[in-house]
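Visitor: Supplied structure: work-v3.pdb, PDB, C-alpha atoms.
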ATOM      1  CA  MET B 140      33.753 -65.286  28.072
ATOM      2  CA  SER B 141      36.289 -65.836  25.312
ATOM      3  CA  ILE B 142      35.749 -67.816  22.142
ATOM      4  CA  TYR B 143      38.242 -70.409  23.276
ATOM      5  CA  THR B 144      36.454 -71.062  26.545
ATOM      6  CA  GLN B 145      33.110 -71.217  24.806
ATOM      7  CA  PHE B 146      34.517 -73.708  22.366
ATOM      8  CA  LYS B 147      36.028 -75.769  25.215
ATOM      9  CA  GLU B 148      32.745 -75.928  27.076
ATOM     10  CA  SER B 149      30.615 -76.824  24.058
ATOM     11  CA  GLU B 150      29.520 -80.373  23.273
ATOM     12  CA  ASP B 151      31.672 -82.694  21.188
ATOM     13  CA  LYS B 152      29.135 -82.677  18.364
ATOM     14  CA  GLN B 153      29.276 -78.876  18.185
ATOM     15  CA  LYS B 154      33.078 -78.946  18.329
ATOM     16  CA  PHE B 155      33.117 -81.355  15.419
ATOM     17  CA  ILE B 156      30.744 -79.159  13.390
ATOM     18  CA  ILE B 157      32.745 -76.007  14.139
ATOM     19  CA  LEU B 158      36.055 -77.663  13.274
ATOM     20  CA  SER B 159      34.520 -79.106  10.105
ATOM     21  CA  LEU B 160      33.272 -75.665   9.060
ATOM     22  CA  ILE B 161      36.708 -74.173   9.713
ATOM     23  CA  VAL B 162      38.388 -76.913   7.648
ATOM     24  CA  ILE B 163      35.829 -76.450   4.845
ATOM     25  CA  ALA B 164      36.313 -72.655   4.934
ATOM     26  CA  LEU B 165      40.101 -73.054   4.769
ATOM     27  CA  ALA B 166      39.732 -75.564   1.934
ATOM     28  CA  ALA B 167      37.426 -73.160   0.052
ATOM     29  CA  ILE B 168      39.878 -70.281   0.539
ATOM     30  CA  TRP B 169      42.765 -72.484  -0.625
ATOM     31  CA  TYR B 170      40.766 -73.632  -3.660
ATOM     32  CA  TYR B 171      39.655 -70.119  -4.615
ATOM     33  CA  PHE B 172      42.995 -68.355  -4.185
ATOM     34  CA  PHE B 173      45.452 -71.085  -5.156
ATOM     35  CA  TYR B 174      44.145 -74.221  -6.813
ATOM     36  CA  ALA B 175      41.599 -72.687  -9.217
ATOM     37  CA  ASN B 176      44.121 -70.113 -10.454
ATOM     38  CA  TYR B 177      46.819 -72.723 -10.982
ATOM     39  CA  SER B 178      44.304 -75.102 -12.534
ATOM     40  CA  ARG B 179      43.409 -72.461 -15.159
ATOM     41  CA  LYS B 180      47.100 -71.865 -15.829
ATOM     42  CA  ILE B 181      47.723 -75.602 -16.148
ATOM     43  CA  SER B 182      44.810 -75.946 -18.572
ATOM     44  CA  SER B 183      46.041 -73.088 -20.762
ATOM     45  CA  LEU B 184      49.575 -74.508 -20.705
ATOM     46  CA  LYS B 185      48.233 -77.914 -21.746
ATOM     47  CA  VAL B 186      46.515 -76.266 -24.703
ATOM     48  CA  GLU B 187      49.778 -74.494 -25.622
ATOM     49  CA  VAL B 188      51.769 -77.725 -25.281
ATOM     50  CA  ASN B 189      49.308 -79.544 -27.558
ATOM     51  CA  LYS B 190      49.568 -76.732 -30.115
ATOM     52  CA  MET B 191      53.372 -76.902 -29.986
ATOM     53  CA  LEU B 192      53.283 -80.681 -30.404
ATOM     54  CA  ARG B 193      51.127 -80.253 -33.534
ATOM     55  CA  TYR B 194      53.665 -77.730 -34.861
ATOM     56  CA  LYS B 195      56.477 -80.132 -34.018
ATOM     57  CA  ARG B 196      54.782 -82.889 -36.034
ATOM     58  CA  GLN B 197      54.435 -80.482 -38.981
ATOM     59  CA  LEU B 198      58.014 -79.200 -38.736
ATOM     60  CA  PRO B 199      59.665 -81.771 -41.074
ATOM     61  CA  LYS B 200      57.072 -81.040 -43.770
ATOM     62  CA  ILE B 201      57.519 -77.281 -43.313
ATOM     63  CA  ARG B 202      61.319 -77.655 -43.506
ATOM     64  CA  LYS B 203      60.994 -79.559 -46.795
ATOM     65  CA  GLU B 204      58.655 -76.881 -48.165
ATOM     66  CA  TYR B 205      61.104 -74.207 -46.996
ATOM     67  CA  LYS B 206      64.021 -75.896 -48.800
ATOM     68  CA  VAL B 207      61.943 -76.156 -51.986
ATOM     69  CA  ALA B 208      60.913 -72.494 -51.672
ATOM     70  CA  ILE B 209      64.537 -71.400 -51.175
ATOM     71  CA  ALA B 210      65.624 -73.414 -54.219
ATOM     72  CA  GLU B 211      62.846 -71.828 -56.295
ATOM     73  CA  PHE B 212      63.754 -68.395 -54.970
ATOM     74  CA  ASN B 213      67.398 -68.919 -55.930
ATOM     75  CA  ASN B 214      66.313 -69.904 -59.456
ATOM     76  CA  TYR B 215      64.064 -66.856 -59.731
ATOM     77  CA  LYS B 216      66.817 -64.676 -58.317
ATOM     78  CA  LYS B 217      68.834 -65.430 -61.462
ATOM     79  CA  ILE B 218      65.934 -64.240 -63.608
ATOM     80  CA  LEU B 219      64.931 -61.346 -61.383
ATOM     81  CA  PRO B 220      67.999 -60.343 -59.341
ATOM     82  CA  LEU B 221      67.955 -58.593 -55.981
ATOM     83  CA  LYS B 222      69.831 -55.562 -57.292
ATOM     84  CA  GLU B 223      70.318 -53.638 -60.499
ATOM     85  CA  GLU B 224      73.486 -55.417 -61.812
ATOM     86  CA  ILE B 225      73.920 -53.297 -64.947
ATOM     87  CA  PRO B 226      77.658 -54.142 -65.337
ATOM     88  CA  SER B 227      76.969 -57.892 -65.461
ATOM     89  CA  LEU B 228      74.076 -57.289 -67.874
ATOM     90  CA  LEU B 229      76.346 -55.208 -70.096
ATOM     91  CA  VAL B 230      78.976 -57.965 -70.082
ATOM     92  CA  GLY B 231      76.324 -60.574 -70.939
ATOM     93  CA  LEU B 232      74.826 -58.527 -73.768
ATOM     94  CA  SER B 233      78.262 -57.581 -75.045
ATOM     95  CA  SER B 234      79.376 -61.216 -75.209
ATOM     96  CA  ILE B 235      76.168 -62.171 -77.061
ATOM     97  CA  ILE B 236      76.605 -59.306 -79.515
ATOM     98  CA  LYS B 237      80.278 -60.123 -80.140
ATOM     99  CA  SER B 238      79.574 -63.844 -80.552
ATOM    100  CA  GLU B 239      77.083 -63.047 -83.324
ATOM    101  CA  ASP B 240      79.537 -60.717 -85.139
ATOM    102  CA  VAL B 241      77.462 -57.619 -84.369
ATOM    103  CA  SER B 242      78.832 -54.188 -83.395
ATOM    104  CA  MET B 243      77.309 -52.343 -80.434
ATOM    105  CA  ILE B 244      77.116 -48.605 -81.020
ATOM    106  CA  ARG B 245      75.236 -47.515 -77.938
ATOM    107  CA  PHE B 246      74.241 -48.904 -74.544
ATOM    108  CA  ASN B 247      72.279 -46.281 -72.625
ATOM    109  CA  PRO B 248      70.568 -47.325 -69.373
ATOM    110  CA  HIS B 249      67.780 -45.028 -68.150
ATOM    111  CA  THR B 250      66.424 -44.248 -64.712
ATOM    112  CA  PRO B 251      64.596 -47.243 -63.194
ATOM    113  CA  VAL B 252      60.802 -47.198 -63.145
ATOM    114  CA  ASP B 253      59.291 -48.086 -59.788
ATOM    115  CA  LYS B 254      56.760 -50.924 -59.890
ATOM    116  CA  LYS B 255      55.041 -52.493 -56.872
ATOM    117  CA  ILE B 256      57.603 -55.121 -55.876
ATOM    118  CA  TYR B 257      60.199 -54.748 -58.603
ATOM    119  CA  MET B 258      62.035 -52.097 -60.556
ATOM    120  CA  LEU B 259      61.993 -51.877 -64.352
ATOM    121  CA  LYS B 260      65.252 -50.665 -65.919
ATOM    122  CA  PRO B 261      64.861 -49.452 -69.533
ATOM    123  CA  ILE B 262      67.975 -49.530 -71.731
ATOM    124  CA  ASP B 263      68.432 -48.082 -75.238
ATOM    125  CA  ILE B 264      70.733 -50.189 -77.388
ATOM    126  CA  SER B 265      71.969 -49.559 -80.937
ATOM    127  CA  VAL B 266      73.840 -52.123 -83.005
ATOM    128  CA  ILE B 267      75.062 -52.549 -86.573
ATOM    129  CA  ALA B 268      74.409 -55.986 -88.048
ATOM    130  CA  ASN B 269      73.005 -57.913 -90.956
ATOM    131  CA  TYR B 270      69.441 -59.243 -90.646
ATOM    132  CA  LYS B 271      70.468 -62.798 -89.794
ATOM    133  CA  ASN B 272      72.909 -61.801 -87.049
ATOM    134  CA  CYS B 273      70.456 -59.284 -85.607
ATOM    135  CA  GLY B 274      67.828 -62.026 -85.324
ATOM    136  CA  ALA B 275      70.399 -64.317 -83.694
ATOM    137  CA  VAL B 276      71.190 -61.596 -81.110
ATOM    138  CA  PHE B 277      67.502 -61.263 -80.239
ATOM    139  CA  GLU B 278      67.208 -65.034 -79.941
ATOM    140  CA  GLU B 279      70.235 -65.249 -77.622
ATOM    141  CA  ILE B 280      68.907 -62.372 -75.498
ATOM    142  CA  SER B 281      65.673 -64.324 -75.053
ATOM    143  CA  LYS B 282      67.713 -67.295 -73.777
ATOM    144  CA  MET B 283      69.558 -65.295 -71.112
ATOM    145  CA  LYS B 284      69.139 -66.492 -67.527
ATOM    146  CA  ARG B 285      68.272 -62.954 -66.552
ATOM    147  CA  LEU B 286      64.912 -61.595 -67.672
ATOM    148  CA  VAL B 287      65.516 -59.131 -70.518
ATOM    149  CA  LYS B 288      62.653 -58.035 -72.741
ATOM    150  CA  VAL B 289      63.337 -56.533 -76.186
ATOM    151  CA  LYS B 290      60.822 -53.859 -77.189
ATOM    152  CA  ASP B 291      60.323 -51.263 -79.885
ATOM    153  CA  PHE B 292      63.079 -52.022 -82.340
ATOM    154  CA  SER B 293      63.655 -50.136 -85.554
ATOM    155  CA  ILE B 294      65.838 -50.906 -88.532
ATOM    156  CA  SER B 295      67.367 -48.115 -90.582
ATOM    157  CA  SER B 296      70.207 -47.142 -92.923
ATOM    158  CA  PRO B 297      70.685 -50.341 -94.938
ATOM    159  CA  LYS B 298      74.131 -50.529 -96.580
ATOM    160  CA  ILE B 299      75.517 -53.122 -98.914
ATOM    161  CA  VAL B 300      78.866 -54.393 -97.699
ATOM    162  CA  ASP B 301      81.062 -57.001 -99.378
ATOM    163  CA  GLY B 302      78.858 -57.429-102.437
ATOM    164  CA  ASP B 303      75.664 -59.073-101.125
ATOM    165  CA  ASN B 304      75.841 -58.542 -97.342
ATOM    166  CA  VAL B 305      73.287 -55.914 -96.214
ATOM    167  CA  VAL B 306      74.177 -54.218 -92.927
ATOM    168  CA  VAL B 307      71.586 -52.163 -91.013
ATOM    169  CA  ASN B 308      71.447 -49.967 -87.944
ATOM    170  CA  VAL B 309      69.156 -51.538 -85.362
ATOM    171  CA  LYS B 310      67.886 -49.530 -82.413
ATOM    172  CA  PHE B 311      65.888 -51.251 -79.742
ATOM    173  CA  ASN B 312      64.743 -50.794 -76.211
ATOM    174  CA  ALA B 313      65.466 -53.526 -73.721
ATOM    175  CA  GLU B 314      63.859 -53.815 -70.325
ATOM    176  CA  THR B 315      65.381 -55.658 -67.434
ATOM    177  CA  TYR B 316      63.940 -56.115 -63.988
ATOM    178  CA  TYR B 317      65.130 -56.502 -60.416
ATOM    179  CA  PHE B 318      63.543 -56.746 -56.992
ATOM    180  CA  LYS B 319      62.798 -53.436 -55.331
ATOM    181  CA  LYS B 320      64.181 -54.457 -51.936
ATOM    182  CA  ALA B 321      66.707 -57.162 -51.299
ATOM    183  CA  ALA B 322      65.209 -59.909 -49.152
ATOM    184  CA  LYS B 323      67.401 -61.573 -46.557
ATOM    185  CA  ILE B 324      67.102 -65.258 -47.332
ATOM    186  CA  GLU B 325      69.559 -67.771 -45.929
TER     187      GLU B 325
END
Is it possible to give me this structure as C-alpha coordinates?
Guide:
Amino acid sequence: MSIYTQFKESEDKQKFIILSLIVIALAAIWYYFFYANYSRKISSLKVEVNKMLRYKRQLPKIRKEYKVAIAEFNNYKKILPLKEEIPSLLVGLSSIIKSEDVSMIRFNPHTPVDKKIYMLKPIDISVIANYKNCGAVFEEISKMKRLVKVKDFSISSPKIVDGDNVVVNVKFNAETYYFKKAAKIE
(Lines of atoms letter the chains of each structure in order from A and count residues from 1; the text may use other names and numbers.)
(Lines give C-alpha, C1' and ligand atoms only; values in the text may rest on other atoms or scores of the structure.)
Protein backbone atom coordinates (compact mmCIF):
# COMPACT_ATOMS: atom_id res chain seq x y z
CA MET A 1 0.00 0.00 0.00
CA SER A 2 1.35 3.41 -0.96
CA ILE A 3 1.50 6.46 1.26
CA TYR A 4 -1.06 8.22 -0.89
CA THR A 5 -3.61 5.44 -0.56
CA GLN A 6 -3.03 5.21 3.16
CA PHE A 7 -3.55 8.92 3.46
CA LYS A 8 -6.73 8.73 1.34
CA GLU A 9 -8.20 5.99 3.49
CA SER A 10 -7.39 7.61 6.83
CA GLU A 11 -9.93 9.57 8.85
CA ASP A 12 -10.45 13.29 8.31
CA LYS A 13 -9.04 14.09 11.74
CA GLN A 14 -5.82 12.23 10.91
CA LYS A 15 -5.64 13.92 7.51
CA PHE A 16 -5.94 17.29 9.20
CA ILE A 17 -3.19 16.43 11.71
CA ILE A 18 -0.87 15.12 8.98
CA LEU A 19 -1.45 18.16 6.76
CA SER A 20 -0.94 20.45 9.75
CA LEU A 21 2.36 18.75 10.59
CA ILE A 22 3.49 19.07 6.98
CA VAL A 23 2.58 22.78 6.93
CA ILE A 24 4.34 23.32 10.28
CA ALA A 25 7.43 21.43 9.04
CA LEU A 26 7.52 23.51 5.85
CA ALA A 27 7.06 26.69 7.89
CA ALA A 28 9.90 25.65 10.23
CA ILE A 29 12.18 24.89 7.27
CA TRP A 30 11.30 28.23 5.66
CA TYR A 31 11.92 30.06 8.95
CA TYR A 32 15.24 28.32 9.61
CA PHE A 33 16.72 28.61 6.12
CA PHE A 34 15.26 31.90 4.92
CA TYR A 35 13.53 34.16 7.42
CA ALA A 36 15.94 33.84 10.37
CA ASN A 37 18.96 34.48 8.14
CA TYR A 38 17.37 37.51 6.52
CA SER A 39 16.10 38.73 9.88
CA ARG A 40 19.68 38.73 11.24
CA LYS A 41 20.86 40.59 8.15
CA ILE A 42 18.05 43.12 8.50
CA SER A 43 18.90 43.66 12.16
CA SER A 44 22.59 44.22 11.42
CA LEU A 45 21.70 46.59 8.57
CA LYS A 46 19.40 48.54 10.89
CA VAL A 47 22.29 48.93 13.32
CA GLU A 48 24.54 50.13 10.47
CA VAL A 49 21.88 52.56 9.22
CA ASN A 50 21.49 54.00 12.73
CA LYS A 51 25.26 54.40 13.01
CA MET A 52 25.38 56.16 9.63
CA LEU A 53 22.52 58.45 10.66
CA ARG A 54 24.48 59.43 13.80
CA TYR A 55 27.51 60.17 11.61
CA LYS A 56 25.31 62.17 9.26
CA ARG A 57 24.07 64.30 12.17
CA GLN A 58 27.69 64.91 13.23
CA LEU A 59 28.90 65.70 9.71
CA PRO A 60 28.28 69.49 9.77
CA LYS A 61 30.19 69.80 13.05
CA ILE A 62 33.04 67.65 11.69
CA ARG A 63 33.17 69.74 8.50
CA LYS A 64 33.46 72.93 10.56
CA GLU A 65 36.23 71.37 12.66
CA TYR A 66 37.96 70.23 9.46
CA LYS A 67 37.86 73.76 7.99
CA VAL A 68 39.29 75.18 11.23
CA ALA A 69 42.01 72.51 11.26
CA ILE A 70 42.93 73.24 7.62
CA ALA A 71 43.12 76.97 8.36
CA GLU A 72 45.36 76.29 11.37
CA PHE A 73 47.48 73.92 9.31
CA ASN A 74 47.91 76.56 6.60
CA ASN A 75 49.03 79.07 9.26
CA TYR A 76 51.49 76.58 10.73
CA LYS A 77 52.69 75.68 7.26
CA LYS A 78 54.05 79.23 6.97
CA ILE A 79 56.00 78.76 10.19
CA LEU A 80 57.00 75.16 9.54
CA PRO A 81 56.91 74.60 5.77
CA LEU A 82 56.42 71.28 4.02
CA LYS A 83 59.80 71.43 2.30
CA GLU A 84 63.25 72.87 2.84
CA GLU A 85 62.81 76.21 0.96
CA ILE A 86 66.37 77.47 1.47
CA PRO A 87 66.23 79.93 -1.49
CA SER A 88 63.18 81.73 -0.06
CA LEU A 89 64.80 81.76 3.39
CA LEU A 90 67.96 83.25 1.90
CA VAL A 91 65.93 85.94 0.14
CA GLY A 92 64.06 86.73 3.37
CA LEU A 93 67.22 86.92 5.48
CA SER A 94 69.02 88.89 2.79
CA SER A 95 66.24 91.49 2.62
CA ILE A 96 66.25 91.82 6.43
CA ILE A 97 70.02 92.20 6.50
CA LYS A 98 70.03 94.78 3.69
CA SER A 99 67.17 96.76 5.24
CA GLU A 100 69.19 97.12 8.45
CA ASP A 101 72.34 98.27 6.58
CA VAL A 102 74.25 95.10 7.45
CA SER A 103 76.61 93.19 5.13
CA MET A 104 76.29 89.41 4.84
CA ILE A 105 79.66 87.71 4.50
CA ARG A 106 78.63 84.09 4.63
CA PHE A 107 75.47 81.99 4.35
CA ASN A 108 76.35 78.32 4.74
CA PRO A 109 73.49 75.81 5.09
CA HIS A 110 74.43 72.42 6.56
CA THR A 111 72.99 68.95 6.14
CA PRO A 112 69.52 68.66 7.72
CA VAL A 113 69.20 66.85 11.04
CA ASP A 114 66.43 64.27 11.14
CA LYS A 115 63.96 64.70 13.99
CA LYS A 116 60.81 62.64 14.55
CA ILE A 117 58.31 64.54 12.41
CA TYR A 118 60.39 67.46 11.19
CA MET A 119 63.83 68.24 9.86
CA LEU A 120 66.18 70.77 11.46
CA LYS A 121 68.34 72.73 9.00
CA PRO A 122 71.36 74.43 10.62
CA ILE A 123 72.82 77.46 8.82
CA ASP A 124 76.04 79.35 9.61
CA ILE A 125 75.75 83.07 8.92
CA SER A 126 78.40 85.79 9.20
CA VAL A 127 77.65 89.50 8.95
CA ILE A 128 79.44 92.80 9.47
CA ALA A 129 77.42 95.39 11.37
CA ASN A 130 77.39 97.83 14.23
CA TYR A 131 75.83 96.68 17.52
CA LYS A 132 72.53 98.48 16.98
CA ASN A 133 71.98 97.14 13.46
CA CYS A 134 73.00 93.63 14.50
CA GLY A 135 70.38 93.70 17.26
CA ALA A 136 67.79 94.98 14.77
CA VAL A 137 68.61 92.06 12.42
CA PHE A 138 68.07 89.56 15.24
CA GLU A 139 64.79 91.25 16.14
CA GLU A 140 63.55 91.14 12.53
CA ILE A 141 64.57 87.48 12.22
CA SER A 142 62.45 86.73 15.28
CA LYS A 143 59.47 88.38 13.55
CA MET A 144 59.73 86.28 10.38
CA LYS A 145 56.67 84.21 9.48
CA ARG A 146 58.93 81.21 9.11
CA LEU A 147 60.39 79.71 12.27
CA VAL A 148 64.08 80.66 12.44
CA LYS A 149 66.00 80.30 15.68
CA VAL A 150 69.26 82.23 16.23
CA LYS A 151 71.80 80.33 18.33
CA ASP A 152 75.41 80.59 19.38
CA PHE A 153 76.43 84.00 18.14
CA SER A 154 79.86 85.50 18.61
CA ILE A 155 81.12 89.02 18.10
CA SER A 156 84.70 89.66 17.05
CA SER A 157 87.07 92.10 15.33
CA PRO A 158 85.65 95.46 16.42
CA LYS A 159 86.73 98.31 14.11
CA ILE A 160 86.07 101.99 14.41
CA VAL A 161 84.62 103.37 11.20
CA ASP A 162 83.64 106.98 10.50
CA GLY A 163 84.85 108.34 13.83
CA ASP A 164 82.49 106.83 16.43
CA ASN A 165 80.77 103.97 14.56
CA VAL A 166 82.06 100.57 15.80
CA VAL A 167 81.64 97.76 13.28
CA VAL A 168 82.00 94.10 14.33
CA ASN A 169 82.02 90.70 12.71
CA VAL A 170 79.07 88.67 13.96
CA LYS A 171 78.92 84.93 13.42
CA PHE A 172 75.82 83.05 14.41
CA ASN A 173 74.07 79.80 13.83
CA ALA A 174 70.48 79.86 12.70
CA GLU A 175 68.17 76.88 12.73
CA THR A 176 65.14 76.55 10.54
CA TYR A 177 62.68 73.71 10.45
CA TYR A 178 60.42 71.96 7.97
CA PHE A 179 58.13 68.95 7.97
CA LYS A 180 59.82 65.65 7.25
CA LYS A 181 57.16 64.45 4.80
CA ALA A 182 54.80 66.63 2.85
CA ALA A 183 51.21 65.92 3.83
CA LYS A 184 48.55 66.01 1.13
CA ILE A 185 45.96 68.41 2.48
CA GLU A 186 43.32 69.91 0.23
Visitor: Output the residue selection produced by the PyMOL selection byres ((chain B and resi 217-222) around 8) on the file above, formatted as a PyMOL selection string.
Guide: chain B and resi 213-216+223-224+284-286+316-322
Visitor: Measure the distance from CA of Ala175 (chain B) to CA of Lys154 (chain B) in Å and round it to one decimal.
Guide: 29.5 Å
Visitor: Given the file above and the PyMOL selection byres ((chain B and resi 260) around 6), which residues are selected, and can you give them as a short mmCIF file (atom, residue, chain, number, x, y, z; two decimals) with C-alpha atoms, in the frame of the given file?
Guide:
data_model
loop_
_atom_site.label_atom_id
_atom_site.label_comp_id
_atom_site.auth_asym_id
_atom_site.auth_seq_id
_atom_site.Cartn_x
_atom_site.Cartn_y
_atom_site.Cartn_z
CA PRO B 251 64.60 -47.24 -63.19
CA LEU B 259 61.99 -51.88 -64.35
CA PRO B 261 64.86 -49.45 -69.53
CA GLU B 314 63.86 -53.82 -70.32
CA THR B 315 65.38 -55.66 -67.43
CA TYR B 316 63.94 -56.12 -63.99
#
Visitor: Ranking B:Ala268, B:Leu160, B:Ala166, B:Leu228 by minimum distance to Val307 (chain B) and counting all atoms listed in the file, which one comes first?
Guide: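 Ranking B:Ala268, B:Leu160, B:Ala166, B:Leu228 by distance to Val307 (chain B), first place goes to B:Ala268.
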Visitor: Mind giving me the axis-aligned box for region 272-289 of chain B with 3 Å on every side, centre plus edges in Å to one decimal, as JSON?
Guide:
{"center_x": 67.8, "center_y": -61.9, "center_z": -76.8, "size_x": 16.3, "size_y": 16.8, "size_z": 26.5}
Visitor: Excluding region 238-241 of chain B and its own-chain neighbours fewer than 3 positions away, which residues fall within 6 Å of it when counting only C-alpha atoms? Please give them as a PyMOL selection string.
Guide: chain B and resi 234-235+268+272
Visitor: Of the candidates B:Ile142, B:Leu198, B:Ala313, B:Val266, which shows the shortest atom-to-atom distance to Arg245 (chain B), using only C-alpha atoms?
Guide: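 Closest to Arg245 (chain B) of all the choices is B:Val266.
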Visitor: Suppose you want the space between CA of Val309 (chain B) and CA of Val289 (chain B); what is it in Å?
Guide: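 For CA of Val309 (chain B) relative to CA of Val289 (chain B), the distance reads 12.0 Å.
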Visitor: Hey, what comes out of the PyMOL selection byres ((chain B and resi 244) around 8) on this file? Could you write it as an NGL selection string?
Guide: :B and (242-243 or 245-246 or 264-267)
Visitor: Please, what distance in Å, to one decimal, runs between CA of Ile157 (chain B) and CA of Thr144 (chain B)?
Guide: 13.9 Å
Visitor: Using all atoms listed in the file, which of the listed residues (B:Val252, B:Gly231, B:Pro297, B:Pro199) sits closest to Met283 (chain B)?
Guide: B:Gly231
